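Enquirer: The file below is model-v9.txt, compact mmCIF, C-alpha atoms and all ligand atoms:
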```
# COMPACT_ATOMS: atom_id res chain seq x y z
CA MET A 24 136.52 -30.20 40.96
CA GLN A 25 133.10 -28.76 40.21
CA ILE A 26 130.44 -30.98 38.67
CA LEU A 27 127.20 -29.71 37.13
CA VAL A 28 124.30 -32.02 37.99
CA THR A 29 121.22 -31.24 35.92
CA GLY A 30 118.04 -32.52 37.50
CA GLY A 31 119.95 -32.63 40.78
CA THR A 32 116.88 -32.19 42.98
CA GLY A 33 115.18 -35.18 41.35
CA TYR A 34 115.18 -38.79 42.49
CA ILE A 35 118.41 -40.19 41.04
CA GLY A 36 119.99 -36.73 40.81
CA SER A 37 119.72 -35.98 44.53
CA HIS A 38 121.30 -39.31 45.50
CA THR A 39 124.11 -38.69 43.02
CA VAL A 40 124.77 -35.22 44.42
CA VAL A 41 125.28 -36.75 47.87
CA GLU A 42 127.65 -39.43 46.53
CA LEU A 43 129.66 -36.81 44.61
CA GLN A 44 129.95 -34.66 47.74
CA ASN A 45 131.02 -37.70 49.76
CA LYS A 46 133.90 -38.12 47.30
CA GLY A 47 134.96 -34.50 47.64
CA TYR A 48 133.42 -33.09 44.47
CA GLU A 49 131.82 -29.66 44.54
CA VAL A 50 128.36 -29.69 42.99
CA VAL A 51 126.23 -27.12 41.23
CA ILE A 52 122.66 -28.19 40.51
CA VAL A 53 120.49 -26.91 37.68
CA ASP A 54 116.83 -27.89 37.92
CA ASN A 55 113.62 -26.19 36.83
CA LEU A 56 111.75 -27.90 39.72
CA SER A 57 109.12 -29.18 37.27
CA ASN A 58 109.13 -32.55 39.05
CA SER A 59 110.97 -31.92 42.32
CA GLN A 60 110.96 -29.69 45.38
CA ILE A 61 113.44 -27.06 46.52
CA GLU A 62 113.41 -28.61 50.03
CA VAL A 63 115.49 -31.47 48.64
CA LEU A 64 118.48 -29.10 48.97
CA ASP A 65 117.95 -28.95 52.74
CA ASN A 66 117.94 -32.72 52.96
CA ILE A 67 121.04 -33.08 50.80
CA GLU A 68 122.72 -30.65 53.19
CA LYS A 69 121.54 -32.65 56.21
CA ILE A 70 123.16 -35.80 54.81
CA SER A 71 126.43 -34.44 53.46
CA GLY A 72 126.86 -31.30 55.54
CA ILE A 73 127.26 -29.29 52.34
CA ARG A 74 124.64 -27.23 50.53
CA PRO A 75 125.17 -27.49 46.79
CA ALA A 76 124.98 -24.38 44.62
CA PHE A 77 121.61 -24.21 42.87
CA GLU A 78 120.23 -22.47 39.79
CA GLN A 79 116.61 -22.77 38.74
CA PHE A 80 116.00 -22.57 35.01
CA ASP A 81 115.02 -24.66 32.02
CA LEU A 82 117.93 -26.15 30.09
CA SER A 83 115.91 -26.17 26.90
CA GLU A 84 116.30 -22.34 27.00
CA ARG A 85 119.47 -21.81 24.99
CA ASP A 86 120.22 -18.28 26.20
CA LEU A 87 119.75 -19.20 29.85
CA THR A 88 121.99 -22.22 29.46
CA ASP A 89 124.68 -20.08 27.85
CA ALA A 90 124.41 -17.47 30.61
CA PHE A 91 124.77 -20.23 33.21
CA PHE A 92 128.03 -21.44 31.66
CA GLN A 93 129.34 -17.88 31.62
CA LYS A 94 128.61 -17.53 35.32
CA TYR A 95 130.09 -20.91 36.37
CA SER A 96 133.49 -21.08 34.73
CA GLY A 97 135.04 -23.85 36.83
CA ILE A 98 132.95 -26.87 35.77
CA SER A 99 134.92 -30.02 34.89
CA ALA A 100 132.07 -32.39 34.03
CA ILE A 101 128.31 -32.61 33.66
CA ILE A 102 125.90 -35.31 34.78
CA HIS A 103 122.73 -34.80 32.79
CA PHE A 104 119.61 -36.17 34.49
CA ALA A 105 117.13 -33.40 33.73
CA ALA A 106 114.44 -34.86 31.47
CA PHE A 107 110.78 -35.77 31.29
CA LYS A 108 110.43 -39.47 32.12
CA ALA A 109 106.81 -40.61 32.27
CA VAL A 110 106.35 -43.31 29.66
CA GLY A 111 102.53 -42.99 29.42
CA GLU A 112 102.47 -39.20 29.39
CA SER A 113 105.06 -39.16 26.61
CA VAL A 114 102.52 -40.74 24.26
CA SER A 115 100.05 -37.86 24.56
CA LYS A 116 102.72 -35.14 24.92
CA SER A 117 105.28 -36.41 22.43
CA LEU A 118 106.34 -33.02 21.12
CA GLU A 119 106.93 -31.68 24.64
CA TYR A 120 109.05 -34.77 25.37
CA TYR A 121 111.13 -34.42 22.22
CA ARG A 122 111.60 -30.68 22.70
CA ASN A 123 112.53 -30.91 26.36
CA ASN A 124 114.75 -33.97 26.29
CA LEU A 125 116.53 -33.38 22.98
CA VAL A 126 116.96 -29.61 23.08
CA SER A 127 118.36 -29.55 26.61
CA LEU A 128 120.98 -32.14 25.66
CA MET A 129 121.91 -30.15 22.55
CA ASN A 130 122.20 -26.92 24.53
CA LEU A 131 124.51 -28.63 27.00
CA LEU A 132 126.69 -30.14 24.26
CA GLU A 133 126.96 -26.72 22.63
CA GLY A 134 127.97 -25.21 25.98
CA MET A 135 130.54 -27.96 26.54
CA LYS A 136 132.34 -27.05 23.34
CA LYS A 137 132.08 -23.30 23.77
CA TYR A 138 133.13 -23.28 27.43
CA LYS A 139 135.63 -26.15 27.21
CA ILE A 140 133.92 -28.65 29.49
CA PRO A 141 134.95 -32.00 28.02
CA ASN A 142 132.98 -34.53 30.05
CA MET A 143 129.36 -35.62 30.30
CA VAL A 144 127.57 -38.59 31.88
CA PHE A 145 124.10 -39.08 30.43
CA SER A 146 121.05 -40.82 31.94
CA SER A 147 120.02 -43.45 29.45
CA SER A 148 117.77 -46.42 29.98
CA CYS A 149 117.47 -50.12 29.27
CA THR A 150 114.32 -49.07 27.44
CA VAL A 151 116.60 -48.71 24.38
CA TYR A 152 116.75 -52.53 24.18
CA GLY A 153 112.96 -53.01 23.98
CA GLN A 154 112.16 -56.69 24.56
CA PRO A 155 115.51 -58.33 23.84
CA ASP A 156 115.58 -61.68 22.02
CA VAL A 157 118.35 -63.00 24.26
CA LEU A 158 118.73 -62.45 28.01
CA PRO A 159 120.55 -61.11 29.88
CA VAL A 160 121.30 -58.05 27.77
CA THR A 161 124.88 -57.04 27.15
CA GLU A 162 126.02 -53.72 25.71
CA GLU A 163 126.31 -55.58 22.39
CA THR A 164 122.61 -56.43 22.37
CA PRO A 165 121.06 -54.54 19.47
CA ARG A 166 118.80 -51.64 20.33
CA LYS A 167 115.20 -51.97 19.23
CA GLU A 168 112.67 -49.42 18.13
CA ALA A 169 111.40 -47.60 21.21
CA GLU A 170 107.96 -48.46 22.63
CA SER A 171 107.24 -44.84 23.61
CA PRO A 172 108.27 -41.30 22.68
CA TYR A 173 110.04 -41.17 26.06
CA GLY A 174 112.09 -44.24 25.16
CA ASN A 175 112.79 -42.77 21.76
CA THR A 176 114.19 -39.59 23.31
CA LYS A 177 116.73 -41.76 25.14
CA ALA A 178 117.72 -43.55 21.93
CA ILE A 179 117.97 -40.29 19.97
CA CYS A 180 119.97 -38.60 22.74
CA GLU A 181 122.42 -41.52 22.64
CA ASP A 182 122.73 -41.04 18.86
CA ILE A 183 123.26 -37.30 19.21
CA MET A 184 126.08 -37.90 21.70
CA ARG A 185 127.63 -40.64 19.56
CA ASP A 186 127.65 -38.44 16.44
CA TYR A 187 128.85 -35.35 18.28
CA CYS A 188 131.65 -37.32 19.92
CA LYS A 189 132.68 -38.69 16.53
CA SER A 190 133.39 -35.20 15.22
CA HIS A 191 134.92 -33.97 18.50
CA GLU A 192 137.54 -36.59 19.34
CA GLU A 193 139.76 -34.04 21.04
CA ASP A 194 137.39 -32.07 23.19
CA ILE A 195 134.21 -34.04 24.01
CA ASN A 196 133.90 -37.23 26.08
CA CYS A 197 130.49 -38.79 26.91
CA ILE A 198 129.37 -41.84 28.83
CA ALA A 199 125.76 -43.03 28.61
CA LEU A 200 124.59 -45.15 31.54
CA ARG A 201 121.69 -47.41 30.64
CA TYR A 202 119.79 -47.78 33.89
CA PHE A 203 117.63 -50.75 34.63
CA ASN A 204 114.93 -50.16 37.29
CA PRO A 205 116.16 -47.82 40.04
CA ILE A 206 114.36 -48.28 43.38
CA GLY A 207 114.85 -47.55 47.07
CA ALA A 208 116.02 -44.46 48.90
CA HIS A 209 118.92 -43.10 50.90
CA GLU A 210 119.51 -45.04 54.13
CA THR A 211 118.82 -41.90 56.18
CA GLY A 212 115.29 -41.68 54.79
CA LEU A 213 115.98 -38.01 53.97
CA ILE A 214 115.85 -38.27 50.18
CA GLY A 215 113.93 -40.64 47.93
CA GLU A 216 111.42 -40.84 45.12
CA LEU A 217 108.43 -38.50 45.42
CA PRO A 218 106.12 -39.04 42.46
CA VAL A 219 103.49 -36.40 41.75
CA GLY A 220 99.97 -37.91 41.78
CA VAL A 221 99.33 -41.61 41.33
CA PRO A 222 102.65 -43.42 40.90
CA ASN A 223 103.30 -45.25 37.64
CA ASN A 224 106.23 -47.21 38.94
CA LEU A 225 105.93 -50.37 40.97
CA VAL A 226 107.81 -49.60 44.19
CA PRO A 227 106.29 -46.15 44.87
CA PHE A 228 102.87 -47.71 44.27
CA ILE A 229 103.67 -50.49 46.73
CA THR A 230 104.94 -48.14 49.44
CA GLN A 231 102.00 -45.76 49.00
CA THR A 232 99.59 -48.69 49.27
CA ALA A 233 101.38 -49.90 52.38
CA ALA A 234 101.11 -46.37 53.80
CA GLY A 235 97.35 -46.35 53.19
CA LEU A 236 97.29 -43.80 50.35
CA ARG A 237 96.11 -46.40 47.81
CA ASP A 238 93.60 -49.17 48.41
CA GLU A 239 95.47 -51.96 46.69
CA LEU A 240 98.25 -52.68 44.26
CA SER A 241 97.33 -53.91 40.80
CA ILE A 242 99.78 -56.45 39.42
CA PHE A 243 99.76 -55.99 35.67
CA GLY A 244 99.51 -59.48 34.16
CA GLU A 245 100.30 -62.99 35.35
CA ASP A 246 100.30 -64.70 31.99
CA TYR A 247 103.81 -63.79 30.92
CA ASP A 248 106.29 -66.44 29.93
CA THR A 249 108.11 -66.29 33.28
CA PRO A 250 108.28 -68.80 36.18
CA ASP A 251 105.37 -67.23 38.10
CA GLY A 252 103.73 -65.47 35.14
CA THR A 253 104.51 -61.91 36.27
CA ALA A 254 106.96 -59.63 34.49
CA ILE A 255 110.65 -59.58 35.36
CA ARG A 256 112.94 -56.56 35.85
CA ASP A 257 116.40 -55.81 37.17
CA TYR A 258 115.85 -53.58 40.22
CA ILE A 259 118.89 -51.54 41.22
CA ASN A 260 119.33 -49.63 44.46
CA VAL A 261 119.41 -45.89 43.76
CA VAL A 262 122.52 -45.34 45.91
CA ASP A 263 124.37 -48.06 43.99
CA LEU A 264 123.24 -46.36 40.80
CA ALA A 265 124.36 -42.96 42.10
CA GLN A 266 127.81 -44.41 42.83
CA ALA A 267 128.05 -45.67 39.24
CA HIS A 268 127.84 -42.03 38.15
CA VAL A 269 130.70 -41.03 40.43
CA VAL A 270 132.79 -43.87 39.00
CA ALA A 271 131.96 -42.74 35.45
CA ILE A 272 133.02 -39.18 36.33
CA ASP A 273 136.28 -40.46 37.86
CA ARG A 274 136.89 -42.51 34.70
CA MET A 275 136.61 -39.46 32.47
CA LEU A 276 138.55 -37.09 34.72
CA THR A 277 141.41 -39.57 35.07
CA LYS A 278 141.38 -40.18 31.30
CA LYS A 279 140.60 -43.89 31.55
CA SER A 280 137.87 -43.87 28.89
CA LYS A 281 138.69 -46.23 26.00
CA ALA A 282 136.73 -44.14 23.51
CA ASN A 283 135.21 -40.68 23.70
CA TYR A 284 131.71 -42.17 23.58
CA GLU A 285 131.01 -45.17 25.79
CA TYR A 286 127.86 -46.77 27.15
CA PHE A 287 127.29 -49.21 29.98
CA ASN A 288 124.46 -51.24 31.45
CA VAL A 289 123.81 -50.31 35.05
CA GLY A 290 121.86 -53.02 36.78
CA THR A 291 122.43 -55.81 39.26
CA GLY A 292 122.43 -58.74 36.85
CA GLU A 293 119.50 -60.31 38.75
CA GLY A 294 115.92 -60.42 37.53
CA TYR A 295 112.97 -60.44 39.95
CA SER A 296 109.32 -60.88 39.04
CA VAL A 297 106.65 -58.45 40.21
CA MET A 298 105.26 -61.16 42.49
CA GLN A 299 108.70 -61.89 43.96
CA LEU A 300 109.16 -58.21 44.66
CA VAL A 301 105.75 -57.88 46.30
CA LYS A 302 106.41 -60.92 48.49
CA ALA A 303 109.87 -59.64 49.42
CA PHE A 304 108.34 -56.31 50.45
CA ILE A 305 105.78 -58.02 52.67
CA GLU A 306 108.47 -60.20 54.21
CA VAL A 307 110.90 -57.34 54.85
CA THR A 308 108.40 -54.84 56.25
CA GLY A 309 105.80 -57.12 57.82
CA VAL A 310 103.12 -54.93 56.22
CA ASP A 311 99.97 -56.68 55.02
CA LEU A 312 99.96 -55.35 51.46
CA LYS A 313 96.71 -55.75 49.52
CA TYR A 314 97.14 -56.68 45.87
CA LYS A 315 95.20 -58.15 42.98
CA VAL A 316 96.17 -59.36 39.54
CA VAL A 317 94.73 -57.41 36.59
CA GLU A 318 95.29 -57.26 32.83
CA ARG A 319 98.72 -56.60 31.38
CA ARG A 320 99.67 -52.92 31.06
CA ALA A 321 99.96 -51.75 27.45
CA GLY A 322 103.53 -51.25 26.28
CA ASP A 323 105.14 -53.34 29.05
CA ILE A 324 107.86 -55.76 28.11
CA GLU A 325 107.85 -59.28 29.52
CA LYS A 326 111.31 -59.60 30.99
CA ILE A 327 114.64 -57.89 31.03
CA TRP A 328 117.75 -57.99 33.17
CA ALA A 329 121.31 -56.89 32.64
CA ASP A 330 124.50 -58.69 31.93
CA THR A 331 126.71 -56.40 33.99
CA SER A 332 130.06 -58.09 33.36
CA PHE A 333 131.35 -55.50 30.88
CA GLY A 334 130.39 -52.53 33.04
CA ASN A 335 131.65 -54.20 36.23
CA ALA A 336 135.03 -54.94 34.65
CA GLU A 337 135.48 -51.63 32.84
CA LEU A 338 134.18 -49.34 35.55
CA GLY A 339 135.37 -51.33 38.55
CA TRP A 340 131.89 -50.88 39.98
CA LYS A 341 129.27 -53.40 41.09
CA ALA A 342 125.86 -53.01 42.69
CA GLN A 343 126.22 -53.90 46.38
CA LYS A 344 122.86 -53.64 48.08
CA SER A 345 120.39 -56.50 48.41
CA LEU A 346 116.79 -56.32 47.26
CA GLU A 347 115.71 -56.65 50.89
CA GLU A 348 117.67 -53.68 52.20
CA THR A 349 116.61 -51.67 49.19
CA LEU A 350 112.91 -52.35 49.81
CA ALA A 351 113.40 -51.54 53.49
CA SER A 352 114.92 -48.18 52.50
CA ALA A 353 111.96 -47.42 50.21
CA TRP A 354 109.57 -48.13 53.08
CA LYS A 355 111.59 -46.05 55.54
CA TRP A 356 111.42 -43.11 53.11
CA GLU A 357 107.67 -43.48 52.51
CA LYS A 358 106.99 -43.59 56.25
CA LYS A 359 109.09 -40.48 56.81
CA VAL A 360 107.30 -38.58 54.01
CA ARG A 361 103.89 -39.55 55.42
CA GLY A 362 104.84 -38.96 59.02
CA LEU A 363 104.18 -42.60 60.00
N1 LIG A 401 103.77 -52.87 37.76
C1 LIG A 401 102.64 -53.42 38.35
N2 LIG A 401 101.83 -52.60 39.02
C2 LIG A 401 102.04 -51.25 39.14
C3 LIG A 401 103.19 -50.70 38.55
C4 LIG A 401 104.03 -51.55 37.85
O1 LIG A 401 102.41 -54.61 38.25
O2 LIG A 401 101.22 -50.56 39.76
C5 LIG A 401 104.70 -53.76 37.03
C6 LIG A 401 104.88 -53.36 35.58
O3 LIG A 401 103.86 -53.92 34.80
C7 LIG A 401 106.27 -53.92 35.31
C8 LIG A 401 107.00 -53.78 36.64
O4 LIG A 401 105.97 -53.64 37.62
O5 LIG A 401 106.19 -55.26 34.97
C9 LIG A 401 107.89 -52.57 36.71
O6 LIG A 401 107.15 -51.43 36.31
P1 LIG A 401 107.68 -49.95 36.48
O7 LIG A 401 106.63 -49.02 35.97
O8 LIG A 401 108.17 -49.73 37.87
O9 LIG A 401 108.97 -49.91 35.57
P2 LIG A 401 109.10 -50.19 33.99
O10 LIG A 401 109.99 -51.36 33.87
O11 LIG A 401 107.82 -50.24 33.31
O12 LIG A 401 109.77 -48.82 33.51
C10 LIG A 401 111.04 -48.47 33.95
C11 LIG A 401 111.17 -46.96 34.01
C12 LIG A 401 111.16 -46.37 32.66
C13 LIG A 401 112.08 -47.09 31.74
C14 LIG A 401 111.83 -48.56 31.75
C15 LIG A 401 112.86 -49.29 30.95
O13 LIG A 401 110.14 -46.38 34.80
O14 LIG A 401 111.57 -45.02 32.76
O15 LIG A 401 111.93 -49.04 33.08
O16 LIG A 401 112.46 -50.59 30.71
F1 LIG A 401 111.94 -46.65 30.47
```
For this file, produce the structure as structure tokens.

Expert:
Amino acid sequence: MQILVTGGTGYIGSHTVVELQNKGYEVVIVDNLSNSQIEVLDNIEKISGIRPAFEQFDLSERDLTDAFFQKYSGISAIIHFAAFKAVGESVSKSLEYYRNNLVSLMNLLEGMKKYKIPNMVFSSSCTVYGQPDVLPVTEETPRKEAESPYGNTKAICEDIMRDYCKSHEEDINCIALRYFNPIGAHETGLIGELPVGVPNNLVPFITQTAAGLRDELSIFGEDYDTPDGTAIRDYINVVDLAQAHVVAIDRMLTKKSKANYEYFNVGTGEGYSVMQLVKAFIEVTGVDLKYKVVERRAGDIEKIWADTSFGNAELGWKAQKSLEETLASAWKWEKKVRGL
């Protein structure tokens, strides 16, 4: 079975490629390398023993996408990661975000129909819930207006899939996975998250500070309505998350989907505050991490974590890895990247 993984050299994509290969799937990656490095292929090969096929082009180019599908005629399913994902940048570059994220999805859906590839798993985000009124969030929790153009692209992509599935009951099957906060790296330390420039996300900022690249971590706000005043998220290990994609692919290929458009929360069900995470990192690694508390970051929500019971029951999947081992894996990766 051949699976197309778009964005397969990226952070979550590369881990998913490895998990697919471990389950015997053959993978072809499409990535334009706008936010990843070609060397990731070598490291995927080191872990799994198999080098995935690779094509470098931009999926928002309709003709190139069509030509790709003509060349690869044996694809059974697509996992679509390729997208711009920086929340802050999406505010100043909204048109680029809408064009890239929406058009590439539409080109893929068009190709699925034309080339008879029925199945797609899509990277969505808990950002579609905004700040929920009731926690934890279930799949029934109403979506809220997105805080950023990036978040809006996720909501609109979900709507595009839902509507397209409605009119293609026979030949199109999509699953959107709403990720909470993916962190950590592969246990080998060979693949992980490699942000370009100053990291926006918490864990890469922590590991870079620990590695001496940044002077100190800024904790954004300690006046939230949470037990210690810092914001709460549901941090999920990236390998656990990658495995959820394999399970979603299995579900579609074995025709277990209950509808041709489904969506699931993919988190751990546990919320941790920024301060708890920082303290856990210090405890696990023994590194003396410098941090200070500063103002809240604009656009941040106060707290969110998943109710995973529906996804766990339907998919037969549950996050396995502890926060501690996940933070240790992130640190192992950072040290390897920096040669420490
Ligand atoms: N934080 C800090 N200091 C930092 C970086 C982050 O205190 O240097 C805090 C944030 O304020 C937030 C928490 O750490 O409270 C997590 O922040 P991240 O940037 O790691 O993650 P977000 O929850 O803001 O965003 C993530 C993804 C988005 C996605 C969103 C959905 O990066 O793609 O979850 O809620 F849209």

Enquirer: Return the single residue from A:Gly207, A:Pro227, A:Gly215, A:Pro75 that is closest to ligand LIG 401 (chain A), with distances computed using only C-alpha atoms and all ligand atoms.

Expert: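 Of A:Gly207, A:Pro227, A:Gly215, A:Pro75, the one nearest ligand LIG 401 (chain A) is A:Pro227, counting only C-alpha atoms and all ligand atoms.
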
Enquirer: With the cut-off set at 9 Å and counting only C-alpha atoms and all ligand atoms, tabulate each residue of chain A with an atom at most that distance from an atom of ligand LIG 401 (chain A), showing the nearest atom pair and its distance in Å to one decimal, ordered by chain and increasing number, as JSON lines.

Expert:
```
{"residue": "A:Lys108", "atom": "CA", "partner": "A:LIG401", "partner_atom": "O14", "distance": 5.7}
{"residue": "A:Ala109", "atom": "CA", "partner": "A:LIG401", "partner_atom": "O14", "distance": 6.5}
{"residue": "A:Val110", "atom": "CA", "partner": "A:LIG401", "partner_atom": "O14", "distance": 6.3}
{"residue": "A:Ser147", "atom": "CA", "partner": "A:LIG401", "partner_atom": "F1", "distance": 8.8}
{"residue": "A:Ser148", "atom": "CA", "partner": "A:LIG401", "partner_atom": "C15", "distance": 5.8}
{"residue": "A:Cys149", "atom": "CA", "partner": "A:LIG401", "partner_atom": "C15", "distance": 5.0}
{"residue": "A:Thr150", "atom": "CA", "partner": "A:LIG401", "partner_atom": "C15", "distance": 3.8}
{"residue": "A:Val151", "atom": "CA", "partner": "A:LIG401", "partner_atom": "C15", "distance": 7.6}
{"residue": "A:Tyr152", "atom": "CA", "partner": "A:LIG401", "partner_atom": "O16", "distance": 8.1}
{"residue": "A:Gly153", "atom": "CA", "partner": "A:LIG401", "partner_atom": "O16", "distance": 7.2}
{"residue": "A:Gln154", "atom": "CA", "partner": "A:LIG401", "partner_atom": "O16", "distance": 8.7}
{"residue": "A:Glu170", "atom": "CA", "partner": "A:LIG401", "partner_atom": "F1", "distance": 9.0}
{"residue": "A:Ser171", "atom": "CA", "partner": "A:LIG401", "partner_atom": "F1", "distance": 8.5}
{"residue": "A:Tyr173", "atom": "CA", "partner": "A:LIG401", "partner_atom": "F1", "distance": 7.3}
{"residue": "A:Gly174", "atom": "CA", "partner": "A:LIG401", "partner_atom": "F1", "distance": 5.8}
{"residue": "A:Lys177", "atom": "CA", "partner": "A:LIG401", "partner_atom": "F1", "distance": 8.7}
{"residue": "A:Tyr202", "atom": "CA", "partner": "A:LIG401", "partner_atom": "C15", "distance": 7.7}
{"residue": "A:Phe203", "atom": "CA", "partner": "A:LIG401", "partner_atom": "O15", "distance": 6.1}
{"residue": "A:Asn204", "atom": "CA", "partner": "A:LIG401", "partner_atom": "O15", "distance": 5.3}
{"residue": "A:Pro205", "atom": "CA", "partner": "A:LIG401", "partner_atom": "C11", "distance": 7.9}
{"residue": "A:Ile206", "atom": "CA", "partner": "A:LIG401", "partner_atom": "O8", "distance": 8.4}
{"residue": "A:Pro222", "atom": "CA", "partner": "A:LIG401", "partner_atom": "O2", "distance": 7.4}
{"residue": "A:Asn223", "atom": "CA", "partner": "A:LIG401", "partner_atom": "O7", "distance": 5.3}
{"residue": "A:Asn224", "atom": "CA", "partner": "A:LIG401", "partner_atom": "O8", "distance": 3.4}
{"residue": "A:Leu225", "atom": "CA", "partner": "A:LIG401", "partner_atom": "C3", "distance": 3.7}
{"residue": "A:Val226", "atom": "CA", "partner": "A:LIG401", "partner_atom": "O8", "distance": 6.3}
{"residue": "A:Pro227", "atom": "CA", "partner": "A:LIG401", "partner_atom": "O8", "distance": 8.1}
{"residue": "A:Phe228", "atom": "CA", "partner": "A:LIG401", "partner_atom": "O2", "distance": 5.6}
{"residue": "A:Ile229", "atom": "CA", "partner": "A:LIG401", "partner_atom": "O2", "distance": 7.4}
{"residue": "A:Leu240", "atom": "CA", "partner": "A:LIG401", "partner_atom": "O2", "distance": 5.8}
{"residue": "A:Ser241", "atom": "CA", "partner": "A:LIG401", "partner_atom": "N2", "distance": 5.0}
{"residue": "A:Ile242", "atom": "CA", "partner": "A:LIG401", "partner_atom": "O1", "distance": 3.4}
{"residue": "A:Phe243", "atom": "CA", "partner": "A:LIG401", "partner_atom": "O1", "distance": 3.9}
{"residue": "A:Gly244", "atom": "CA", "partner": "A:LIG401", "partner_atom": "O1", "distance": 7.0}
{"residue": "A:Thr253", "atom": "CA", "partner": "A:LIG401", "partner_atom": "O5", "distance": 7.0}
{"residue": "A:Ala254", "atom": "CA", "partner": "A:LIG401", "partner_atom": "O5", "distance": 4.5}
{"residue": "A:Ile255", "atom": "CA", "partner": "A:LIG401", "partner_atom": "O5", "distance": 6.2}
{"residue": "A:Arg256", "atom": "CA", "partner": "A:LIG401", "partner_atom": "O10", "distance": 6.3}
{"residue": "A:Asp257", "atom": "CA", "partner": "A:LIG401", "partner_atom": "O10", "distance": 8.5}
{"residue": "A:Tyr258", "atom": "CA", "partner": "A:LIG401", "partner_atom": "C9", "distance": 8.8}
{"residue": "A:Ser296", "atom": "CA", "partner": "A:LIG401", "partner_atom": "O5", "distance": 7.6}
{"residue": "A:Val297", "atom": "CA", "partner": "A:LIG401", "partner_atom": "O4", "distance": 5.5}
{"residue": "A:Met298", "atom": "CA", "partner": "A:LIG401", "partner_atom": "O1", "distance": 8.3}
{"residue": "A:Leu300", "atom": "CA", "partner": "A:LIG401", "partner_atom": "O4", "distance": 9.0}
{"residue": "A:Val316", "atom": "CA", "partner": "A:LIG401", "partner_atom": "O1", "distance": 7.9}
{"residue": "A:Val317", "atom": "CA", "partner": "A:LIG401", "partner_atom": "O1", "distance": 8.3}
{"residue": "A:Arg319", "atom": "CA", "partner": "A:LIG401", "partner_atom": "O3", "distance": 6.7}
{"residue": "A:Arg320", "atom": "CA", "partner": "A:LIG401", "partner_atom": "O3", "distance": 5.7}
{"residue": "A:Ala321", "atom": "CA", "partner": "A:LIG401", "partner_atom": "O3", "distance": 8.6}
{"residue": "A:Gly322", "atom": "CA", "partner": "A:LIG401", "partner_atom": "O11", "distance": 8.3}
{"residue": "A:Asp323", "atom": "CA", "partner": "A:LIG401", "partner_atom": "O11", "distance": 5.9}
{"residue": "A:Ile324", "atom": "CA", "partner": "A:LIG401", "partner_atom": "O5", "distance": 7.1}
{"residue": "A:Glu325", "atom": "CA", "partner": "A:LIG401", "partner_atom": "O5", "distance": 7.0}
{"residue": "A:Lys326", "atom": "CA", "partner": "A:LIG401", "partner_atom": "O5", "distance": 7.8}
{"residue": "A:Ile327", "atom": "CA", "partner": "A:LIG401", "partner_atom": "O16", "distance": 7.6}
```

Enquirer: I'd like the interatomic distance between atom CA of Ser71 of chain A and atom CA of Val40 of chain A, to a tenth of an Å.

Expert: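 Spanning atom CA of Ser71 of chain A to atom CA of Val40 of chain A is a straight-line distance of 9.2 Å.
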
Enquirer: Using all atoms listed in the file, can you tell me which of A:Val360, A:Leu27, A:Ile70, A:Cys180 comes closest to Leu217 of chain A?

Expert: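 The shortest atom-to-atom distance to Leu217 of chain A comes from A:Val360.
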
Enquirer: Would you mind telling me which residue in A:Asn142, A:Glu78, A:Arg85, A:Glu112 lies nearest to Thr277 of chain A when using only C-alpha atoms?

Expert: A:Asn142

Enquirer: So how far away is atom CA of Lys139 of chain A from atom CA of Glu42 of chain A, in Å?

Expert: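 Taking atom CA of Glu42 of chain A as the start and atom CA of Lys139 of chain A as the end point, the length is 24.8 Å.
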
Enquirer: Under the rule that all atoms listed in the file are counted, which of A:Glu347, A:Glu357, A:Glu84, A:Glu210 is the nearest residue to His38 of chain A?

Expert: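 Residue with the minimum atom-to-atom distance to His38 of chain A: A:Glu210.
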
Enquirer: Counting only C-alpha atoms, what is within 6 Å of Ala329 of chain A, bar same-chain residues fewer than 5 positions away, as a ChimeraX atom specification?

Expert: /A:159-160,290,292

Enquirer: Need the shell around Arg274 of chain A: protein/DNA/RNA residues with any atom at most 12 Å away, counting all atoms listed in the file. Skip same-chain ones fewer than 5 positions apart. Format as an mmCIF file with C-alpha atoms, keeping the file's coordinate frame?

Expert:
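New file result-v9.cif:
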```
data_model
loop_
_atom_site.group_PDB
_atom_site.id
_atom_site.type_symbol
_atom_site.label_atom_id
_atom_site.label_comp_id
_atom_site.auth_asym_id
_atom_site.auth_seq_id
_atom_site.Cartn_x
_atom_site.Cartn_y
_atom_site.Cartn_z
ATOM 1 C CA ALA A 100 132.070 -32.390 34.030
ATOM 2 C CA ASN A 142 132.980 -34.530 30.050
ATOM 3 C CA MET A 143 129.360 -35.620 30.300
ATOM 4 C CA VAL A 144 127.570 -38.590 31.880
ATOM 5 C CA ASN A 196 133.900 -37.230 26.080
ATOM 6 C CA CYS A 197 130.490 -38.790 26.910
ATOM 7 C CA ILE A 198 129.370 -41.840 28.830
ATOM 8 C CA ALA A 267 128.050 -45.670 39.240
ATOM 9 C CA HIS A 268 127.840 -42.030 38.150
ATOM 10 C CA VAL A 269 130.700 -41.030 40.430
ATOM 11 C CA LYS A 279 140.600 -43.890 31.550
ATOM 12 C CA SER A 280 137.870 -43.870 28.890
ATOM 13 C CA LYS A 281 138.690 -46.230 26.000
ATOM 14 C CA ALA A 282 136.730 -44.140 23.510
ATOM 15 C CA ASN A 283 135.210 -40.680 23.700
ATOM 16 C CA GLU A 285 131.010 -45.170 25.790
ATOM 17 C CA GLU A 337 135.480 -51.630 32.840
ATOM 18 C CA LEU A 338 134.180 -49.340 35.550
ATOM 19 C CA GLY A 339 135.370 -51.330 38.550
ATOM 20 C CA TRP A 340 131.890 -50.880 39.980
#
```
